[in-house]
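Reproduced below: target.csv, with CSV, C-alpha atoms.
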```csv
chain,number,residue,atom,x,y,z
A,1,GLY,CA,-3.0,-20.3,83.3
A,2,SER,CA,-0.5,-22.9,84.6
A,3,LYS,CA,-1.1,-25.1,81.7
A,4,ASP,CA,-0.3,-22.3,79.2
A,5,VAL,CA,3.0,-21.6,81.0
A,6,ALA,CA,3.9,-25.3,80.7
A,7,LYS,CA,3.0,-25.4,77.1
A,8,ARG,CA,5.1,-22.3,76.3
A,9,ALA,CA,8.1,-24.0,77.7
A,10,GLY,CA,7.8,-26.9,75.3
A,11,VAL,CA,8.0,-30.5,76.1
A,12,GLY,CA,11.6,-30.9,75.0
A,13,ILE,CA,12.8,-28.0,77.2
A,14,GLN,CA,10.8,-29.4,80.2
A,15,VAL,CA,12.3,-32.9,79.7
A,16,TRP,CA,15.8,-31.5,79.4
A,17,ALA,CA,15.5,-29.2,82.4
A,18,LEU,CA,14.1,-31.9,84.6
A,19,ALA,CA,16.6,-34.5,83.5
A,20,THR,CA,19.5,-32.1,84.0
A,21,ARG,CA,18.2,-31.3,87.5
A,22,ASN,CA,17.8,-34.9,88.4
A,23,VAL,CA,21.4,-35.7,87.4
A,24,ARG,CA,22.7,-32.6,89.3
A,25,ASN,CA,20.8,-33.7,92.4
A,26,ILE,CA,22.4,-37.1,92.2
A,27,VAL,CA,25.9,-35.5,91.8
A,28,ARG,CA,25.3,-33.0,94.6
A,29,HIS,CA,23.5,-35.4,96.9
A,30,PRO,CA,24.9,-38.8,96.2
A,31,LEU,CA,23.9,-40.3,99.5
A,32,GLY,CA,20.6,-41.8,98.1
A,33,MET,CA,22.4,-43.3,95.2
A,34,ARG,CA,25.1,-44.8,97.4
A,35,ALA,CA,22.4,-46.2,99.7
A,36,LYS,CA,20.8,-48.0,96.8
A,37,LEU,CA,24.1,-49.4,95.6
A,38,ALA,CA,25.0,-50.4,99.1
A,39,GLN,CA,21.6,-52.2,99.5
A,40,ASN,CA,22.2,-54.2,96.4
A,41,ILE,CA,25.8,-55.1,97.3
A,42,ILE,CA,25.0,-56.0,100.9
A,43,MET,CA,22.1,-58.2,99.9
A,44,GLY,CA,24.2,-59.9,97.3
A,45,VAL,CA,27.0,-60.5,99.8
A,46,LEU,CA,24.6,-61.7,102.5
A,47,ILE,CA,22.7,-64.2,100.2
A,48,SER,CA,26.1,-65.4,98.9
A,49,LEU,CA,27.5,-66.0,102.4
A,50,ILE,CA,24.3,-67.9,103.5
A,51,TYR,CA,24.1,-70.1,100.4
A,52,ARG,CA,27.8,-70.3,99.4
A,53,GLU,CA,28.7,-73.3,97.2
A,54,VAL,CA,25.4,-75.1,97.5
A,55,GLY,CA,26.7,-78.1,95.5
A,56,VAL,CA,24.5,-80.7,93.7
A,57,SER,CA,23.6,-83.0,96.6
A,58,GLN,CA,20.1,-83.5,97.8
A,59,VAL,CA,20.4,-80.9,100.6
A,60,SER,CA,21.4,-78.4,97.9
A,61,VAL,CA,17.8,-78.4,96.5
A,62,GLN,CA,16.6,-76.5,99.6
A,63,GLY,CA,19.5,-74.1,99.4
A,64,ARG,CA,18.9,-73.3,95.7
A,65,VAL,CA,15.2,-72.8,96.1
A,66,GLY,CA,15.7,-70.6,99.2
A,67,SER,CA,18.3,-68.5,97.6
A,68,LEU,CA,16.2,-68.0,94.5
A,69,PHE,CA,13.3,-66.8,96.6
A,70,PHE,CA,15.5,-64.3,98.4
A,71,ILE,CA,16.8,-62.9,95.2
A,72,SER,CA,13.2,-62.5,94.0
A,73,MET,CA,12.7,-60.4,97.1
A,74,THR,CA,14.7,-57.6,95.4
A,75,PHE,CA,11.2,-56.5,94.3
A,76,MET,CA,10.1,-55.8,97.8
A,77,LEU,CA,13.3,-54.0,98.8
A,78,ALA,CA,12.9,-51.7,95.8
A,79,ALA,CA,9.2,-51.0,96.6
A,80,PHE,CA,9.8,-50.1,100.2
A,81,GLY,CA,12.9,-48.1,99.4
A,82,VAL,CA,11.2,-45.7,97.0
A,83,LEU,CA,8.3,-44.8,99.3
A,84,GLY,CA,10.0,-42.1,101.4
A,85,ALA,CA,12.1,-40.6,98.6
A,86,PHE,CA,9.1,-40.2,96.2
A,87,ALA,CA,7.0,-38.7,99.0
A,88,MET,CA,9.5,-35.9,99.4
A,89,GLU,CA,9.8,-35.4,95.6
A,90,LYS,CA,6.0,-35.2,95.3
A,91,ARG,CA,5.9,-32.1,97.5
A,92,ILE,CA,8.2,-30.3,95.2
A,93,PHE,CA,6.4,-31.6,92.2
A,94,THR,CA,3.0,-30.5,93.5
A,95,ARG,CA,4.3,-26.9,94.1
A,96,GLU,CA,6.1,-26.6,90.8
A,97,THR,CA,3.2,-28.0,88.7
A,98,ALA,CA,0.9,-25.5,90.4
A,99,LEU,CA,3.3,-22.8,89.2
A,100,GLY,CA,3.1,-24.2,85.6
A,101,MET,CA,6.8,-25.1,85.4
A,102,TYR,CA,6.1,-28.4,83.8
A,103,THR,CA,3.3,-31.0,83.2
A,104,THR,CA,2.7,-34.2,85.2
A,105,GLU,CA,3.6,-36.5,82.3
A,106,THR,CA,6.9,-34.6,81.7
A,107,PHE,CA,7.9,-34.9,85.4
A,108,TYR,CA,6.9,-38.5,85.8
A,109,PHE,CA,8.3,-40.0,82.7
A,110,THR,CA,11.5,-38.0,82.9
A,111,LYS,CA,12.0,-39.4,86.5
A,112,VAL,CA,11.4,-42.9,85.2
A,113,LEU,CA,13.9,-42.6,82.4
A,114,THR,CA,16.6,-40.9,84.5
A,115,GLU,CA,16.4,-43.6,87.1
A,116,LEU,CA,16.5,-46.5,84.6
A,117,PRO,CA,20.3,-46.5,84.2
A,118,HIS,CA,21.1,-47.1,87.9
A,119,ASN,CA,18.1,-49.4,88.3
A,120,THR,CA,19.6,-51.5,85.6
A,121,ILE,CA,23.3,-51.4,86.6
A,122,PHE,CA,22.8,-52.1,90.4
A,123,PRO,CA,20.9,-55.4,90.1
A,124,ILE,CA,23.4,-56.6,87.5
A,125,ILE,CA,26.2,-55.8,90.0
A,126,GLN,CA,24.3,-57.8,92.7
A,127,MET,CA,24.0,-60.8,90.4
A,128,CYS,CA,27.7,-60.6,89.5
A,129,ILE,CA,28.4,-61.0,93.3
A,130,LEU,CA,26.1,-63.9,94.1
A,131,TYR,CA,25.7,-66.0,91.0
A,132,TRP,CA,29.1,-67.7,91.0
A,133,ILE,CA,29.6,-67.7,94.8
A,134,ILE,CA,26.4,-69.6,95.4
A,135,GLY,CA,27.3,-72.0,92.6
A,136,TYR,CA,24.4,-72.0,90.2
A,137,GLN,CA,24.8,-73.7,86.9
A,138,ASN,CA,28.0,-72.7,85.2
A,139,LYS,CA,26.4,-71.3,82.0
A,140,ALA,CA,26.8,-67.8,80.7
A,141,GLU,CA,23.3,-67.9,79.2
A,142,ASN,CA,21.8,-68.7,82.6
A,143,PHE,CA,23.7,-65.8,84.2
A,144,LEU,CA,22.5,-63.3,81.7
A,145,VAL,CA,18.9,-64.5,82.2
A,146,PHE,CA,19.3,-64.2,86.0
A,147,ALA,CA,20.7,-60.6,85.6
A,148,PHE,CA,17.8,-59.7,83.2
A,149,ILE,CA,15.2,-61.1,85.6
A,150,ASN,CA,16.8,-59.2,88.5
A,151,VAL,CA,16.6,-55.9,86.5
A,152,LEU,CA,13.0,-56.4,85.7
A,153,SER,CA,12.1,-57.4,89.3
A,154,LEU,CA,13.8,-54.3,90.8
A,155,ASN,CA,12.1,-51.9,88.3
A,156,CYS,CA,8.7,-53.5,89.1
A,157,GLY,CA,9.3,-52.8,92.7
A,158,ASN,CA,10.3,-49.3,92.0
A,159,SER,CA,7.2,-48.7,90.0
A,160,LEU,CA,4.9,-50.2,92.5
A,161,GLY,CA,6.5,-48.1,95.3
A,162,ILE,CA,5.8,-45.0,93.3
A,163,CYS,CA,2.2,-46.1,92.8
A,164,ILE,CA,1.7,-46.5,96.5
A,165,ALA,CA,3.5,-43.2,97.4
A,166,ALA,CA,1.3,-41.4,94.8
A,167,CYS,CA,-1.9,-42.5,96.5
A,168,PHE,CA,-1.2,-40.8,99.9
A,169,SER,CA,-0.2,-37.2,100.8
A,170,ASP,CA,1.1,-38.2,104.2
A,171,LEU,CA,4.3,-40.2,104.4
A,172,ARG,CA,3.2,-41.9,107.7
A,173,VAL,CA,0.0,-43.1,106.1
A,174,THR,CA,2.1,-44.4,103.1
A,175,LEU,CA,4.4,-46.4,105.3
A,176,ILE,CA,1.4,-47.9,107.2
A,177,ALA,CA,-0.5,-48.8,104.0
A,178,ALA,CA,2.5,-50.2,102.1
A,179,PRO,CA,3.0,-53.6,103.9
A,180,PRO,CA,-0.6,-54.8,103.6
A,181,LEU,CA,-0.5,-54.0,99.9
A,182,ILE,CA,3.0,-55.5,99.2
A,183,LEU,CA,3.1,-58.6,101.5
A,184,PRO,CA,0.3,-60.5,99.8
A,185,LEU,CA,2.4,-60.4,96.6
A,186,MET,CA,5.1,-62.2,98.4
A,187,ILE,CA,2.8,-64.7,100.1
A,188,PHE,CA,1.3,-65.8,96.8
A,189,SER,CA,4.7,-66.0,95.0
A,190,GLY,CA,4.7,-69.9,95.0
A,191,PHE,CA,7.3,-70.3,97.7
A,192,PHE,CA,5.2,-70.2,100.9
A,193,ILE,CA,2.1,-71.8,99.3
A,194,ASN,CA,1.8,-74.0,96.3
A,195,THR,CA,0.1,-72.1,93.5
A,196,GLU,CA,-2.4,-75.0,93.1
A,197,SER,CA,-3.4,-74.6,96.7
A,198,ILE,CA,-4.3,-70.9,96.6
A,199,PRO,CA,-8.1,-70.4,97.4
A,200,VAL,CA,-10.1,-69.4,94.3
A,201,TYR,CA,-11.2,-66.1,95.7
A,202,LEU,CA,-7.5,-65.1,96.2
A,203,ASP,CA,-6.0,-66.7,93.1
A,204,TRP,CA,-6.0,-63.4,91.2
A,205,ILE,CA,-3.3,-62.0,93.5
A,206,LYS,CA,-0.6,-64.2,92.1
A,207,TYR,CA,-1.1,-62.7,88.6
A,208,LEU,CA,-0.2,-59.3,90.0
A,209,SER,CA,2.9,-60.6,91.9
A,210,PRO,CA,6.2,-59.8,90.3
A,211,ILE,CA,7.8,-62.2,92.9
A,212,ASN,CA,5.7,-65.0,91.5
A,213,TYR,CA,7.0,-64.5,87.9
A,214,ALA,CA,10.6,-63.8,89.0
A,215,PHE,CA,10.7,-66.9,91.2
A,216,ARG,CA,9.1,-69.0,88.5
A,217,ALA,CA,11.6,-67.7,85.9
A,218,TYR,CA,14.6,-68.2,88.3
A,219,MET,CA,13.5,-71.8,89.1
A,220,LYS,CA,13.0,-72.7,85.4
A,221,THR,CA,16.4,-71.3,84.5
A,222,GLU,CA,18.3,-73.0,87.3
A,223,PHE,CA,16.6,-76.4,87.6
A,224,VAL,CA,16.1,-77.3,83.9
A,225,ASP,CA,19.0,-79.6,82.9
A,226,LEU,CA,20.4,-79.6,86.4
A,227,VAL,CA,21.9,-83.0,87.4
A,228,LEU,CA,21.8,-83.8,91.1
A,229,GLU,CA,23.4,-86.6,93.1
A,230,CYS,CA,23.2,-88.3,96.5
A,231,LYS,CA,25.8,-88.5,99.2
A,232,ASP,CA,25.9,-91.9,101.0
A,233,ASP,CA,23.8,-90.7,103.9
A,234,GLU,CA,21.2,-89.3,101.5
A,235,LEU,CA,20.3,-92.6,99.9
A,236,LYS,CA,16.9,-94.0,100.7
A,237,ALA,CA,15.6,-97.6,101.0
A,238,ASN,CA,13.7,-98.9,98.0
A,239,PRO,CA,12.3,-102.4,97.0
A,240,SER,CA,14.6,-102.4,93.9
A,241,CYS,CA,17.7,-102.2,96.1
A,242,PRO,CA,19.8,-105.4,96.5
A,243,SER,CA,19.7,-107.1,99.8
A,244,ASN,CA,23.4,-106.3,100.5
A,245,GLN,CA,22.7,-102.6,99.9
A,246,PRO,CA,19.2,-101.8,101.3
A,247,ARG,CA,19.7,-98.0,100.8
A,248,CYS,CA,20.5,-97.4,97.1
A,249,PHE,CA,17.7,-95.1,95.9
A,250,CYS,CA,18.4,-91.4,95.2
A,251,PRO,CA,15.1,-89.5,95.4
A,252,VAL,CA,16.0,-86.5,93.2
A,253,LEU,CA,18.4,-86.9,90.3
A,254,GLU,CA,17.0,-84.2,88.0
A,255,GLY,CA,16.1,-80.6,88.5
A,256,GLU,CA,12.8,-81.2,86.6
A,257,GLN,CA,11.7,-83.3,89.6
A,258,VAL,CA,12.0,-80.2,91.8
A,259,LEU,CA,10.0,-78.1,89.4
A,260,LYS,CA,7.3,-80.7,89.4
A,261,GLY,CA,7.2,-80.6,93.2
A,262,PHE,CA,6.5,-76.9,93.1
A,263,ASN,CA,4.0,-77.3,90.2
A,264,LEU,CA,6.3,-75.3,88.0
A,265,ASP,CA,6.9,-78.1,85.4
A,266,ASP,CA,4.0,-76.8,83.3
A,267,GLY,CA,2.0,-73.6,82.9
A,268,ILE,CA,3.8,-70.6,81.7
A,269,THR,CA,7.3,-70.9,80.3
A,270,ARG,CA,10.4,-69.0,81.4
A,271,SER,CA,10.1,-66.5,78.5
A,272,GLU,CA,6.4,-65.9,79.3
A,273,ALA,CA,7.2,-65.3,83.0
A,274,MET,CA,9.8,-62.7,82.0
A,275,ALA,CA,7.3,-61.1,79.6
A,276,CYS,CA,4.8,-60.9,82.4
A,277,LEU,CA,7.4,-59.2,84.6
A,278,ALA,CA,8.0,-56.6,81.8
A,279,ALA,CA,4.2,-56.2,81.4
A,280,LEU,CA,3.8,-55.6,85.1
A,281,TYR,CA,6.6,-53.0,85.1
A,282,LEU,CA,4.8,-51.1,82.3
A,283,PHE,CA,1.4,-51.6,84.1
A,284,PHE,CA,2.7,-50.2,87.5
A,285,THR,CA,4.4,-47.3,85.7
A,286,LEU,CA,1.2,-46.4,83.9
A,287,ILE,CA,-0.9,-46.7,87.1
A,288,GLY,CA,1.6,-44.5,88.9
A,289,TYR,CA,1.2,-41.8,86.3
A,290,VAL,CA,-2.6,-42.0,86.4
A,291,LEU,CA,-2.7,-41.8,90.2
A,292,LEU,CA,-0.2,-38.9,90.2
A,293,SER,CA,-2.4,-37.1,87.6
A,294,CYS,CA,-5.5,-37.6,89.8
A,295,VAL,CA,-3.7,-36.1,92.8
A,296,VAL,CA,-2.7,-33.0,90.8
A,297,ARG,CA,-6.2,-32.7,89.3
A,298,ASN,CA,-7.8,-32.9,92.8
A,299,LYS,CA,-5.4,-30.3,94.3
A,300,ASN,CA,-6.1,-27.9,91.3
A,301,LYS,CA,-9.8,-28.2,91.9
A,302,LYS,CA,-9.4,-27.4,95.6
A,303,ARG,CA,-7.2,-24.5,94.8
A,304,ALA,CA,-9.7,-23.2,92.2
A,305,LYS,CA,-12.5,-23.3,94.8
A,306,HIS,CA,-10.4,-21.1,97.2
A,307,VAL,CA,-9.6,-18.5,94.5
```

Whole structure given in structure tokens:
Amino acid sequence: GSKDVAKRAGVGIQVWALATRNVRNIVRHPLGMRAKLAQNIIMGVLISLIYREVGVSQVSVQGRVGSLFFISMTFMLAAFGVLGAFAMEKRIFTRETALGMYTTETFYFTKVLTELPHNTIFPIIQMCILYWIIGYQNKAENFLVFAFINVLSLNCGNSLGICIAACFSDLRVTLIAAPPLILPLMIFSGFFINTESIPVYLDWIKYLSPINYAFRAYMKTEFVDLVLECKDDELKANPSCPSNQPRCFCPVLEGEQVLKGFNLDDGITRSEAMACLAALYLFFTLIGYVLLSCVVRNKNKKRAKHV
């Protein structure tokens, strides 16, 4: 049977053959890889131009928060970007597994491993572009944390996109089903609605949202120990101000005050948020494998009935 053919080839030979083919496909057809690189570079440049040199004034708070949310959206771009590509790969995969050329787990995990290098390098390149231009805290440690969060976020999106693409055999259905599945993860990220205000019956969604954890980790990295100041026109009136200077009060002087306003001053720590991102990546990867295995099993059953 097909399983026997796959077993005779050996797992090592299957992995080597698939990995070699994946690399050759990238070399022979580099357009997809170039598109992914261009996407990361263009988004990095675009966010940089919008939020360039935010400074440390009161108005910079909105710029910092907005830019951090847009960087967190790397997840969604990755998720939508993989839908079409994986749908095409799945057709080849279904045909070749039916012929017993390799097993589902060999194909799937080889694909994950061969895509990991560029899914690591591209988000780091993006962060190199935007971090210093926007003017986040001038700390090497913070930059490295930002880059790591961006890598985790992009890989989460890639895995979720594969999960969704594995569920449907028709690309048109996949593209229709993806937005209602992905958009709630953005809505409950903590930017559009305070996490404390989410209805109880929808509260569980935030725990499955990579954007929630990425945004939280970015915010805690950037705003902890951030010192803010006020321009003259940003000072507010306060009873403690002297009579000759009625406006002397600066509303936000520390980044921690911003975190408190978003209810991010307590709860999970930055390290825990990053760990949750890594856990979601593993979770989506595993679910993608399970869904793909179910698809193959169902097709094999249908094929057996017609024999």

Practice task
Go through A:Asn212, A:Thr20, A:Ser60, A:Asn25 and flag the residue nearest Val252 (chain A), using all atoms listed in the file for the distances.
Solution key: A:Ser60

Per-residue nearest contacts of region 106-163 of chain A to region 269-293 of chain A (10 Å; only C-alpha atoms) as a tab-separated table:
```
residue	atom	partner	partner_atom	distance
A:Phe107	CA	A:Tyr289	CA	9.7
A:Tyr108	CA	A:Tyr289	CA	6.6
A:Phe109	CA	A:Tyr289	CA	8.2
A:Val112	CA	A:Thr285	CA	8.3
A:Val145	CA	A:Met274	CA	9.3
A:Phe148	CA	A:Met274	CA	8.6
A:Ile149	CA	A:Met274	CA	6.7
A:Val151	CA	A:Ala278	CA	9.8
A:Leu152	CA	A:Ala278	CA	6.3
A:Ser153	CA	A:Leu277	CA	6.9
A:Leu154	CA	A:Tyr281	CA	9.3
A:Asn155	CA	A:Tyr281	CA	6.5
A:Cys156	CA	A:Tyr281	CA	4.5
A:Gly157	CA	A:Tyr281	CA	8.1
A:Asn158	CA	A:Tyr281	CA	8.7
A:Ser159	CA	A:Thr285	CA	5.3
A:Leu160	CA	A:Phe284	CA	5.5
A:Gly161	CA	A:Gly288	CA	8.8
A:Ile162	CA	A:Gly288	CA	6.1
A:Cys163	CA	A:Gly288	CA	4.3
```

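Straight-line separation from CA of Leu185 (chain A) to CA of Ser197 (chain A): 15.3 Å.
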
Handout entry: Atomic separation - CA of Ile134 (chain A) relative to CA of Ser48 (chain A), Å
Key = 5.5 Å

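Residue nearest Cys248 (chain A), chosen from A:Leu235, A:Ala38, A:Ala87, A:Met186 and counting only C-alpha atoms: A:Leu235.
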
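Ranking A:Arg34, A:Leu208, A:Ile13, A:Asp232 by their shortest atom-to-atom distance to Pro246 (chain A), with only C-alpha atoms included, puts A:Asp232 first.
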
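Minimum distance to Ile193 (chain A) across A:Asn298, A:Tyr207, A:Lys236, A:Asn263 (counting all atoms listed in the file) occurs at A:Asn263.
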
Practice task
List every protein, DNA or RNA residue that has at least one atom no more than 12 Å from (14.3, -90.4, 97.0) in the file's coordinates, counting only C-alpha atoms, and write the result as number ranges by chain.
Solution key: A: 57-59, 228-231, 233-238, 247-254, 257-258

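Our summary of the geometry notes that CA of Tyr218 (chain A) is positioned 19.9 Å from CA of Pro184 (chain A).
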
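Distance cut-off 10 Å, centre (27.7, -60.8, 95.7), atoms counted only C-alpha atoms; the residues meeting this are Asn40, Ile41, Ile42, Met43, Gly44, Val45, Leu46, Ile47, Ser48, Leu49, Ile125, Gln126, Met127, Cys128, Ile129, Leu130, Tyr131, Trp132, Ile133 and Ile134 of chain A.
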
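Nearest residue to Tyr51 (chain A) among A:Phe168, A:Tyr136, A:Phe80, A:Phe191 is A:Tyr136, counting only C-alpha atoms.
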
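Counting all atoms listed in the file, the residue from A:Thr103, A:Thr174, A:Gln39, A:Gln137 that sits nearest to Glu222 (chain A) is A:Gln137.
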
Write out as an mmCIF file with C-alpha atoms, in the frame of the given file which residues come within 10 Å of Arg91 (chain A) when counting all atoms listed in the file, dropping same-chain ones fewer than 5 positions away.
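Done, and the output landed in result_29.cif:
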```
data_model
loop_
_atom_site.group_PDB
_atom_site.id
_atom_site.type_symbol
_atom_site.label_atom_id
_atom_site.label_comp_id
_atom_site.auth_asym_id
_atom_site.auth_seq_id
_atom_site.Cartn_x
_atom_site.Cartn_y
_atom_site.Cartn_z
ATOM 1 C CA PHE A 86 9.100 -40.200 96.200
ATOM 2 C CA GLU A 96 6.100 -26.600 90.800
ATOM 3 C CA SER A 169 -0.200 -37.200 100.800
#
```

Practice task
Find the residues near Phe215 (chain A): any atom within 7 Å, counting all atoms listed in the file, skip ones fewer than 4 places away on the same chain, and give them as a VMD selection string.
Solution key: chain A and resid 68 to 69 72 211 219

Could you write those residues out with C-alpha atoms, as a short mmCIF file (atom, residue, chain, number, x, y, z; two decimals), in the frame of the given file?
```cif
data_model
loop_
_atom_site.label_atom_id
_atom_site.label_comp_id
_atom_site.auth_asym_id
_atom_site.auth_seq_id
_atom_site.Cartn_x
_atom_site.Cartn_y
_atom_site.Cartn_z
CA LEU A 68 16.20 -68.00 94.50
CA PHE A 69 13.30 -66.80 96.60
CA SER A 72 13.20 -62.50 94.00
CA ILE A 211 7.80 -62.20 92.90
CA MET A 219 13.50 -71.80 89.10
#
```
